[in-house]
Structures are given as structure tokens and as C-alpha cells.
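Chemist: Dropping in input-v4.txt, with compact mmCIF, C-alpha atoms.
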```txt
# COMPACT_ATOMS: atom_id res chain seq x y z
CA MET A 1 169.51 98.33 43.76
CA GLU A 2 166.77 97.02 41.48
CA SER A 3 167.28 96.86 37.78
CA VAL A 4 165.32 99.36 35.71
CA ALA A 5 163.73 96.51 33.79
CA THR A 6 161.98 95.26 36.94
CA VAL A 7 160.53 98.68 37.62
CA VAL A 8 159.11 98.94 34.11
CA ASP A 9 157.68 95.43 34.39
CA GLU A 10 155.76 96.14 37.54
CA ALA A 11 154.47 99.54 36.51
CA ALA A 12 153.13 97.99 33.32
CA GLY A 13 151.32 95.41 35.45
CA GLY A 14 151.21 92.75 32.78
CA ALA A 15 148.73 94.74 30.68
CA LEU A 16 151.00 95.22 27.66
CA PRO A 17 150.41 96.29 24.93
CA ALA A 18 149.02 99.63 26.06
CA SER A 19 145.31 99.26 26.70
CA ALA A 20 142.95 101.97 27.86
CA LEU A 21 143.51 100.79 31.43
CA THR A 22 147.28 101.02 31.04
CA LEU A 23 146.97 104.58 29.76
CA GLN A 24 144.73 105.49 32.71
CA ARG A 25 147.22 103.97 35.14
CA GLN A 26 150.12 105.77 33.51
CA ARG A 27 148.25 109.07 33.82
CA ALA A 28 147.56 108.46 37.51
CA HIS A 29 151.17 107.40 38.16
CA GLY A 30 152.37 110.59 36.48
CA LEU A 31 149.95 112.92 38.30
CA ILE A 32 150.66 111.49 41.75
CA ALA A 33 154.44 111.25 41.27
CA LYS A 34 154.67 114.85 40.10
CA ALA A 35 152.43 116.31 42.82
CA PRO A 36 153.88 117.29 46.22
CA ALA A 37 153.45 114.46 48.75
CA ALA A 38 151.59 116.72 51.19
CA ARG A 39 148.98 117.61 48.57
CA VAL A 40 148.40 113.95 47.65
CA ARG A 41 148.09 113.04 51.32
CA ALA A 42 145.57 115.82 51.92
CA LEU A 43 143.40 114.63 49.04
CA PHE A 44 143.42 111.03 50.29
CA ASP A 45 142.72 112.17 53.86
CA ALA A 46 139.69 114.05 52.58
CA LEU A 47 138.12 110.88 51.13
CA GLU A 48 134.99 109.97 53.07
CA VAL A 49 135.58 106.25 52.60
CA ALA A 50 138.99 104.84 51.90
CA PRO A 51 139.57 101.28 50.64
CA GLN A 52 141.11 98.65 52.89
CA ALA A 53 144.54 97.74 51.54
CA SER A 54 147.34 95.46 52.70
CA ALA A 55 150.99 95.59 51.69
CA VAL A 56 152.14 92.89 49.27
CA ARG A 57 155.71 93.95 49.93
CA PRO A 58 156.73 96.43 52.59
CA SER A 59 157.46 99.82 51.04
CA ASP A 60 161.14 100.54 50.68
CA ILE A 61 163.66 103.00 49.32
CA GLY A 62 166.30 102.30 46.71
CA LEU A 63 168.41 103.89 44.05
CA LEU A 64 167.76 103.90 40.34
CA MET A 65 170.43 104.67 37.80
CA VAL A 66 169.04 107.33 35.48
CA ARG A 67 170.47 106.94 32.02
CA GLY A 68 170.74 109.74 29.49
CA ARG A 69 171.47 110.15 25.82
CA VAL A 70 172.55 113.30 24.01
CA GLY A 71 170.45 113.87 20.90
CA GLY A 72 168.76 110.89 19.33
CA SER A 73 171.94 109.15 18.31
CA GLY A 74 174.43 109.65 21.17
CA GLY A 75 175.57 106.73 23.26
CA ALA A 76 173.71 106.10 26.52
CA PHE A 77 175.51 107.27 29.66
CA ASN A 78 174.76 107.15 33.36
CA LEU A 79 173.36 110.53 34.32
CA GLY A 80 173.21 109.87 38.04
CA GLU A 81 171.44 107.94 40.76
CA LEU A 82 167.96 108.85 41.86
CA PRO A 83 166.48 107.80 45.21
CA VAL A 84 163.13 106.14 44.61
CA ALA A 85 160.48 104.98 47.08
CA ARG A 86 158.24 102.10 46.03
CA ALA A 87 155.27 100.25 47.42
CA ALA A 88 152.87 97.49 46.38
CA VAL A 89 149.43 97.09 47.94
CA ARG A 90 146.47 94.79 47.44
CA LEU A 91 142.90 95.98 47.92
CA ALA A 92 140.46 93.84 49.86
CA ASP A 93 138.55 93.15 46.61
CA GLY A 94 141.58 91.91 44.70
CA PRO A 95 143.53 94.31 42.52
CA VAL A 96 147.21 94.93 43.21
CA GLY A 97 148.68 98.38 42.70
CA VAL A 98 152.30 99.43 42.58
CA GLY A 99 153.71 102.88 43.17
CA TYR A 100 157.09 104.41 42.43
CA VAL A 101 157.91 108.01 43.30
CA ALA A 102 161.18 109.93 43.28
CA GLY A 103 162.51 110.70 46.74
CA ARG A 104 162.48 108.94 50.09
CA ASP A 105 158.84 109.37 51.08
CA THR A 106 157.47 105.82 51.35
CA GLY A 107 154.07 107.24 52.38
CA HIS A 108 153.87 109.02 49.03
CA ALA A 109 154.71 105.75 47.23
CA GLU A 110 152.04 103.90 49.23
CA LEU A 111 149.41 106.42 48.16
CA ALA A 112 150.58 106.06 44.55
CA ALA A 113 150.22 102.28 44.88
CA LEU A 114 146.80 102.66 46.48
CA ALA A 115 145.67 104.89 43.60
CA ASP A 116 147.02 102.39 41.09
CA ALA A 117 145.00 99.63 42.75
CA MET A 118 141.86 101.79 42.97
CA ILE A 119 141.96 102.51 39.23
CA GLN A 120 141.77 98.79 38.55
CA SER A 121 138.78 98.34 40.85
CA PRO A 122 135.37 99.28 39.39
CA ALA A 123 134.17 100.11 42.92
CA TRP A 124 136.81 102.76 43.58
CA GLU A 125 137.79 104.06 40.18
CA ALA A 126 135.16 106.84 39.98
CA LEU A 127 135.87 108.10 43.50
CA LEU A 128 139.59 108.30 42.79
CA GLU A 129 139.00 110.14 39.53
CA THR A 130 136.75 112.84 41.00
CA GLN A 131 138.34 113.27 44.42
CA VAL A 132 142.05 112.85 43.65
CA LEU A 133 143.04 112.77 40.00
CA THR A 134 140.89 115.68 38.76
CA PRO A 135 142.19 118.09 41.45
CA LEU A 136 145.75 116.92 40.82
CA GLU A 137 145.35 117.49 37.12
CA ALA A 138 144.09 121.02 37.77
CA ASP A 139 147.08 121.61 40.08
CA HIS A 140 149.42 120.33 37.41
CA ALA A 141 147.95 122.58 34.72
CA HIS A 142 148.16 125.50 37.14
CA ARG A 143 151.82 124.73 37.92
CA GLN A 144 152.64 124.60 34.25
CA ILE A 145 151.00 127.98 33.60
CA GLU A 146 152.76 129.44 36.62
CA THR A 147 156.16 128.13 35.53
CA GLY A 148 155.52 129.39 32.02
CA ARG A 149 154.56 132.81 33.36
CA LYS A 150 157.70 133.05 35.48
CA ALA A 151 159.85 131.95 32.60
CA ALA A 152 158.16 134.42 30.26
CA ALA A 153 158.94 137.25 32.69
CA THR A 154 162.65 136.60 32.31
CA LYS A 155 162.58 136.58 28.55
CA VAL A 156 165.15 138.84 26.90
CA ASP A 157 164.74 140.08 23.36
CA PHE A 158 167.97 140.31 21.49
CA PHE A 159 166.60 142.13 18.46
CA THR A 160 168.35 145.39 19.40
CA LEU A 161 171.75 143.78 19.12
CA VAL A 162 173.24 144.23 15.71
CA ARG A 163 176.00 142.00 14.68
CA THR A 164 178.97 144.25 14.09
CA ARG A 165 181.82 142.33 12.76
CA SER A 166 184.86 144.11 11.36
CA GLU A 167 186.20 142.84 8.14
CA PRO A 168 189.63 141.27 8.51
CA MET B 1 167.08 83.73 30.44
CA SER B 2 166.32 87.19 29.09
CA GLU B 3 163.12 86.09 27.36
CA ILE B 4 161.31 85.28 30.59
CA THR B 5 162.83 88.19 32.47
CA ASN B 6 161.41 90.64 29.95
CA VAL B 7 157.84 89.40 30.39
CA ALA B 8 155.81 91.65 32.70
CA ILE B 9 155.22 90.24 36.18
CA ASN B 10 151.62 89.21 36.67
CA LEU B 11 150.76 90.61 40.09
CA ALA B 12 147.31 89.06 40.38
CA ASP B 13 148.46 85.97 42.30
CA VAL B 14 151.51 87.34 44.10
CA THR B 15 151.27 86.62 47.82
CA PRO B 16 153.15 88.72 50.41
CA GLY B 17 156.71 87.85 51.38
CA PHE B 18 158.38 88.52 54.73
CA ALA B 19 156.53 91.14 56.75
CA ASP B 20 159.86 92.39 58.08
CA PRO B 21 162.36 91.54 55.34
CA VAL B 22 165.53 92.61 57.15
CA PHE B 23 165.14 90.74 60.43
CA GLU B 24 163.29 87.70 59.08
CA SER B 25 165.79 87.10 56.29
CA GLN B 26 168.64 87.54 58.78
CA ALA B 27 167.10 84.91 61.04
CA VAL B 28 166.66 82.49 58.13
CA PHE B 29 170.19 83.23 56.92
CA ARG B 30 171.54 82.39 60.35
CA ALA B 31 169.60 79.09 60.31
CA ILE B 32 170.93 78.19 56.84
CA LEU B 33 174.44 79.04 58.01
CA ASP B 34 174.01 76.69 60.97
CA ALA B 35 172.64 73.97 58.70
CA MET B 36 175.57 74.33 56.29
CA ALA B 37 178.04 74.22 59.19
CA HIS B 38 176.45 71.00 60.46
CA PRO B 39 175.72 68.90 57.38
CA GLY B 40 173.02 66.30 57.83
CA THR B 41 171.47 67.95 60.89
CA VAL B 42 167.79 68.89 60.68
CA THR B 43 167.60 72.65 61.29
CA SER B 44 164.23 74.32 61.67
CA LEU B 45 163.62 77.68 59.98
CA PRO B 46 161.67 80.47 61.66
CA SER B 47 158.49 80.34 59.59
CA SER B 48 156.01 83.15 59.16
CA LEU B 49 155.50 83.04 55.46
CA TYR B 50 152.49 82.31 53.31
CA PRO B 51 154.07 80.30 50.46
CA PRO B 52 153.01 81.05 46.87
CA VAL B 53 152.44 77.36 46.07
CA PRO B 54 151.64 74.47 48.46
CA HIS B 55 154.51 72.60 50.20
CA PHE B 56 156.98 75.38 49.49
CA GLN B 57 157.22 76.98 52.95
CA ALA B 58 160.87 76.35 53.82
CA GLN B 59 162.01 76.61 50.20
CA ALA B 60 160.25 79.99 49.98
CA GLU B 61 162.08 81.23 53.06
CA VAL B 62 165.41 80.15 51.60
CA ALA B 63 164.48 81.88 48.34
CA LEU B 64 163.56 85.22 49.91
CA THR B 65 166.74 85.13 51.97
CA MET B 66 169.26 84.15 49.33
CA LEU B 67 168.05 85.56 46.00
CA ASP B 68 168.69 88.97 44.52
CA PHE B 69 169.18 90.59 41.14
CA GLU B 70 172.50 88.80 40.58
CA THR B 71 171.31 85.22 41.11
CA PRO B 72 169.69 83.44 38.14
CA VAL B 73 167.10 80.99 39.42
CA PHE B 74 165.93 77.68 38.01
CA VAL B 75 162.49 76.46 39.06
CA ASP B 76 161.29 72.90 38.49
CA ALA B 77 158.25 72.91 36.18
CA ALA B 78 156.38 70.53 38.49
CA LEU B 79 156.36 73.06 41.36
CA GLY B 80 154.11 75.52 39.52
CA ARG B 81 156.65 77.42 37.53
CA ASP B 82 154.59 80.42 36.40
CA SER B 83 153.36 81.50 39.80
CA LEU B 84 156.78 80.87 41.35
CA HIS B 85 158.52 82.89 38.65
CA ASN B 86 156.11 85.76 39.31
CA TRP B 87 156.57 85.53 43.04
CA LEU B 88 160.37 85.24 43.00
CA ARG B 89 160.83 88.02 40.46
CA PHE B 90 158.51 90.34 42.36
CA HIS B 91 160.06 89.80 45.78
CA CYS B 92 163.71 89.19 44.88
CA GLY B 93 164.10 90.93 41.52
CA CYS B 94 166.02 87.87 40.35
CA PRO B 95 166.44 86.70 36.77
CA VAL B 96 164.89 83.30 36.02
CA THR B 97 166.29 80.67 33.71
CA GLU B 98 165.05 77.42 32.20
CA ASN B 99 168.58 76.07 31.85
CA PRO B 100 169.80 74.34 35.06
CA ALA B 101 173.44 74.97 34.08
CA GLU B 102 172.90 78.76 34.20
CA ALA B 103 171.33 78.81 37.66
CA ALA B 104 172.94 80.12 40.84
CA PHE B 105 170.03 78.66 42.82
CA ALA B 106 167.58 75.95 41.85
CA PHE B 107 164.26 75.09 43.50
CA VAL B 108 163.10 71.60 42.61
CA GLY B 109 160.81 68.84 43.85
CA ALA B 110 162.35 65.58 45.08
CA SER B 111 160.45 63.39 42.61
CA THR B 112 160.85 65.64 39.58
CA MET B 113 164.37 67.06 39.97
CA PRO B 114 166.88 66.99 37.11
CA LEU B 115 170.20 65.18 37.72
CA LEU B 116 172.59 67.02 40.03
CA ALA B 117 175.14 66.78 37.20
CA ASP B 118 172.87 68.96 35.01
CA PHE B 119 173.39 71.98 37.26
CA ASN B 120 176.32 74.38 37.16
CA GLN B 121 179.27 72.52 38.73
CA GLY B 122 181.40 75.65 39.15
CA ASP B 123 184.61 76.62 37.42
CA PRO B 124 188.05 75.31 38.51
CA LYS B 125 189.04 78.93 39.14
CA TYR B 126 185.75 79.80 40.86
CA PRO B 127 184.20 76.65 42.36
CA ASP B 128 181.87 78.88 44.40
CA ARG B 129 179.91 79.69 41.24
CA SER B 130 178.16 76.33 41.22
CA THR B 131 174.42 75.96 41.70
CA THR B 132 172.89 75.58 45.16
CA VAL B 133 170.07 73.09 44.71
CA VAL B 134 167.14 73.39 47.12
CA ILE B 135 165.09 70.19 47.02
CA GLY B 136 161.60 69.99 48.47
CA CYS B 137 161.13 66.61 50.22
CA GLU B 138 158.03 64.98 51.71
CA ALA B 139 159.83 64.73 55.04
CA LEU B 140 163.37 64.96 56.38
CA THR B 141 163.06 61.69 58.30
CA GLY B 142 161.61 58.26 57.67
CA GLY B 143 163.43 57.47 54.43
CA ALA B 144 166.32 55.12 53.74
CA ALA B 145 169.11 56.06 56.14
CA GLN B 146 172.61 56.97 55.00
CA TRP B 147 175.74 57.60 56.99
CA LEU B 148 177.27 61.03 56.44
CA GLU B 149 180.87 62.01 57.17
CA GLY B 150 182.96 65.09 56.55
CA PRO B 151 183.78 68.58 57.81
CA GLY B 152 181.23 69.80 60.37
CA ILE B 153 180.26 66.27 61.42
CA ALA B 154 181.78 64.78 64.56
CA GLY B 155 182.38 61.17 63.57
CA ARG B 156 179.38 60.30 61.44
CA ILE B 157 175.63 60.88 61.58
CA TRP B 158 172.49 59.43 60.03
CA ALA B 159 170.34 61.25 57.52
CA SER B 160 167.09 59.73 56.34
CA PRO B 161 165.07 62.15 54.21
CA SER B 162 162.17 60.54 52.36
CA GLY B 163 160.82 60.93 48.85
CA LEU B 164 164.17 61.39 47.11
CA PRO B 165 164.86 59.59 43.81
CA GLU B 166 166.60 56.20 44.13
CA THR B 167 169.73 57.46 42.42
CA PHE B 168 170.04 60.52 44.66
CA TRP B 169 172.70 59.20 47.02
CA ALA B 170 174.76 57.79 44.16
CA GLN B 171 174.59 61.26 42.61
CA MET B 172 175.81 62.74 45.90
CA VAL B 173 178.77 60.34 45.88
CA ALA B 174 179.60 61.39 42.32
CA ASN B 175 179.19 65.04 43.34
CA ARG B 176 181.76 64.54 46.16
CA GLU B 177 184.24 62.99 43.76
CA MET B 178 184.33 66.21 41.72
CA PHE B 179 185.50 68.25 44.71
CA PRO B 180 186.28 71.20 44.75
CA LEU B 181 183.65 71.43 42.00
CA GLY B 182 180.11 70.21 42.53
CA VAL B 183 176.78 71.51 43.75
CA ASP B 184 175.66 72.22 47.30
CA VAL B 185 172.31 70.72 48.26
CA ILE B 186 169.67 71.86 50.72
CA LEU B 187 166.84 69.43 51.48
CA ALA B 188 163.68 71.13 52.72
CA ASP B 189 160.32 69.99 54.05
CA GLU B 190 157.63 72.42 55.22
CA THR B 191 159.52 73.85 58.17
CA SER B 192 163.10 72.56 58.27
CA VAL B 193 166.18 72.02 56.17
CA ILE B 194 169.11 69.61 55.97
CA ALA B 195 172.21 70.95 54.25
CA LEU B 196 174.41 68.63 52.22
CA PRO B 197 177.35 70.76 51.09
CA ARG B 198 179.71 69.31 48.50
CA THR B 199 182.17 68.32 51.25
CA VAL B 200 179.87 65.67 52.70
CA ARG B 201 180.79 62.02 52.18
CA VAL B 202 177.87 59.62 51.83
CA ILE B 203 178.28 56.03 53.00
CA ASP B 204 175.58 53.54 52.07
CA PRO B 205 175.18 51.19 55.08
CA ALA B 206 174.44 48.21 52.78
CA ALA B 207 177.67 48.74 50.86
CA GLU B 208 179.61 49.10 54.10
CA GLN B 209 178.36 45.77 55.48
CA GLU B 210 179.61 43.95 52.40
CA GLN B 211 183.17 45.14 52.97
```
In C-alpha cells, write the structure found in this file.
Modeler:
Amino acid sequence: MESVATVVDEAAGGALPASALTLQRQRAHGLIAKAPAARVRALFDALEVAPQASAVRPSDIGLLMVRGRVGGSGGAFNLGELPVARAAVRLADGPVGVGYVAGRDTGHAELAALADAMIQSPAWEALLETQVLTPLEADHAHRQIETGRKAAATKVDFFTLVRTRSEP
Amino acid sequence: MSEITNVAINLADVTPGFADPVFESQAVFRAILDAMAHPGTVTSLPSSLYPPVPHFQAQAEVALTMLDFETPVFVDAALGRDSLHNWLRFHCGCPVTENPAEAAFAFVGASTMPLLADFNQGDPKYPDRSTTVVIGCEALTGGAAQWLEGPGIAGRIWASPSGLPETFWAQMVANREMFPLGVDVILADETSVIALPRTVRVIDPAAEQEQ
């Protein structure tokens, strides 16, 4: 099992403190990790030209310990283990991308890594933005509205209940 | 140790590791096991690796096979420390240290290595916690020959690695005297290794003739 610190290191890609590129990469990591793998795959399959990429490290699956904290001041505890797939790829023109997604789908992680590498390449960045990230962002917004709508439908108003409490 | 480990890994110059980590590291592990069981014997490693720095082929294979998140690693500054730190941390997830006495494994060059006594010698309760020192040599033959004796050697055999510091064999004698403490040594050239575990007894042929 890898330490959490290593994961954070790689995802940050040496670009600390947060630069505009880091923020862009974080956004892409978030969008791809949250989207269903099939949807991400479909968007990449639909690209007319895809970049040539080679694996820096074969994609693999491991466990991460997710740590939690109750409130802002509680002590940290181990919430549970989360299976995580990860990948690292290098594009033919240089940049290295890393991808981490929850679950056991290494293909999903490879696409996340590919996207991370494409963002860092001036030649591919625009294509990724228009063909992959923008649709995923729309999906994400749609999912949020949908979840909100479903949650709103179950809302119960308690204003009719009057507290009746007998005096002792 | 924590200061370096908290620095983000620079991925720009990280070269690939084993293409098939499970089977390739098993094959290398088996070769290292054989080498350790037969001290002084040149054992070739199955090589299919593009090393991160020049002349690091066999050492790189040992590294990818042996290191993980529990093994602090010391890397000799002369080998190209920054790119090796990046490479080892990316592929093995190992902590790196600049203090030889903290290291579980050390990767050093023959001409620039610290003294063997500077590494972790183990604890009387846990002698296995000493450092394993992997030394990159010019070649594993052609140097001044030494007799080796000890467990795993039938009678005695010659070892003649070249490029080691003059005091190296004296350090190995001192290392043997501390048994069961002491470091284990692996000598590596581009493709092969010689293991010198702490059990090996070194006999200088010149000293023997005088007796």
C-alpha cells in the first residue's frame, strides 16, 4: 500500500505552490475521477486524433487509507480503506501525466493520466478542454442538479408539529 | 529524512521501470538470492531496464526489486542524487535519507562510497536491521584478487572486482569481526552482481604468504 504522501506528491507534479496549471490539472483530475468510466472512455474514443502515450509505470491497483476527522478539532481516525487505480503515462512530446481514480478500473486511471499529460502539452490542451472536459463539466453540473432535485422531492416540512411538552 | 520525502517528485526525467514488475522483480530477487547463497560468485541479473543514470543498470534492478515504502534509501551524491531520488521514490515509494546510518539500503559508487562503518550496523537484538550496501563497480573482474571463505563457499574462491577503494577489503575484515552485526554488501557492474554477506571471511593473499 502506498503512503498518502506519495499520492499527493505525484498529483501535485512538482508545480507547488498552486499555479494556474496546477489548478487546471486539479480540475481535470476531479472531473475525470468523478465521471463514470464508461462516459470518459466514450469521450476519448470520440477524439479524432489521440496522442501517442507510453506507460512510465504499469497501471496498478492498491488500497488507500482514508482518514477522517469529526468537526474541525476531533482527532484523526481511519475511516476505511479505498481501492484506488493509478497510472502514469508520458506523451511522445514530453509531458508526464499521473492519474488516480477510486475503484479498480485501471483503464479509467490511464485515461485520467492521459488527460493530465495532455493538459501540460500546448498541442493537446485545447482539444482536451473542448472534447472532454467541457462535456464532463456539463455532465457534472447536470448530476448535481438532478441529485438536488431528487433530494428536494423528499424534503419534509416539520412546521405543523407543535412542541407539546407537559409541565412536570 | 522527512524533508526530502515531502518534496514533490519531479516527473520530467523519470524513466520507466520494469515493464512487468511482478515477474521481472521475482527473477531479479531469485538471482540476488542465489548470489547471497554463493558469496563471491558473479551472478548475472536478467536485464531489461533503462537505468535512470548511466552505469546503474544492475543497481537499478536491485533497487526496483528490494525497495518499498518501509526501506529508507541512501544514495551517494556522486551517482546523480536528484534524478535517482526522483526515480526511486516514483517507482518504489521509498523514503530517502542523507544519513547513511538511517538507511536500510544504500546505493553508492565504488570510488565515492562512505566507509562501511558509517552505515547502520544493526542492533544486537535485531542484526537484520543493518544496511545492505550496493556498490557500483567498474567491473567484477580484473582487480586485485582476494580469497574468500565462509558459509556458501566450498573451500575458498577468488574474487577480483576492480575500482574499489584501497581500504575496502580491510573494511570487510573489520565488518566480519563485528558479526553478527555488520553490513551486507552487493557489488554490481552493468549486468551482474557479487554478494559479500557479513559472514564472508576475506583473506589477503599477500598477508597469507607472509605467515
Chemist: Output as a tab-separated table one row per residue of chain B within 12 Å of chain A: the closest atom pair and its distance in Å to one decimal place, counting all atoms listed in the file, sorted by chain and residue number ascending.
Modeler:
```
residue	atom	partner	partner_atom	distance
B:Ser2	CA	A:Ala5	CA	10.8
B:Ile4	CA	A:Asp9	CA	11.4
B:Thr5	CA	A:Thr6	CA	8.4
B:Asn6	CA	A:Ala5	CA	7.4
B:Val7	CA	A:Asp9	CA	7.2
B:Ala8	CA	A:Asp9	CA	4.5
B:Ile9	CA	A:Gly14	CA	5.8
B:Asn10	CA	A:Gly14	CA	5.3
B:Leu11	CA	A:Val96	CA	6.4
B:Ala12	CA	A:Val96	CA	6.5
B:Asp13	CA	A:Val96	CA	9.1
B:Val14	CA	A:Val56	CA	7.6
B:Thr15	CA	A:Val56	CA	6.5
B:Pro16	CA	A:Val56	CA	4.4
B:Gly17	CA	A:Arg57	CA	6.3
B:Phe18	CA	A:Arg57	CA	7.7
B:Ala19	CA	A:Pro58	CA	6.7
B:Asp20	CA	A:Pro58	CA	7.5
B:Pro21	CA	A:Pro58	CA	7.9
B:Val22	CA	A:Pro58	CA	10.6
B:Tyr50	CA	A:Val56	CA	11.3
B:Leu64	CA	A:Arg57	CA	11.7
B:Asp68	CA	A:Glu2	CA	8.8
B:Phe69	CA	A:Glu2	CA	6.9
B:Glu70	CA	A:Ser3	CA	10.0
B:Asn86	CA	A:Glu10	CA	10.5
B:Trp87	CA	A:Val56	CA	10.6
B:Leu88	CA	A:Thr6	CA	11.8
B:Arg89	CA	A:Thr6	CA	8.1
B:Phe90	CA	A:Glu10	CA	8.0
B:His91	CA	A:Arg57	CA	7.3
B:Cys92	CA	A:Glu2	CA	9.1
B:Gly93	CA	A:Glu2	CA	6.6
B:Cys94	CA	A:Thr6	CA	9.1
B:Pro95	CA	A:Thr6	CA	9.7
```
Chemist: So, with only C-alpha atoms as the atoms that count, which of B:Ala117, B:Leu140, B:Val73, B:Val62 lies closest to B:Val42?
Modeler: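 Using only C-alpha atoms, B:Val42 sits closest to B:Leu140.
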Chemist: Could you pull the residues within 12 Å of B:Pro161, counting only C-alpha atoms, minus those fewer than 3 positions along the same chain, as a PyMOL selection string?
Modeler: chain B and resi 40-42+110+135-147+158+164-166+168-169+186-189+192-196
Chemist: Find the residues around stretch 17-26 of chain A up to 10 Å (only C-alpha atoms counted), leave out those fewer than 5 positions away in its own chain, and share them as a list in words.
Modeler: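 These residues fall inside the cut-off: Ala11, Ala12, Leu31, Gly97, Ala115, Asp116, Ala117, Met118, Ile119 and Gln120 of chain A.
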Chemist: Between atom CA of B:Phe179 and atom CA of B:Asn120, what is the distance in Å, rounded to a tenth?
Modeler: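 Pair atom CA of B:Phe179 / atom CA of B:Asn120 returns 13.4 Å.
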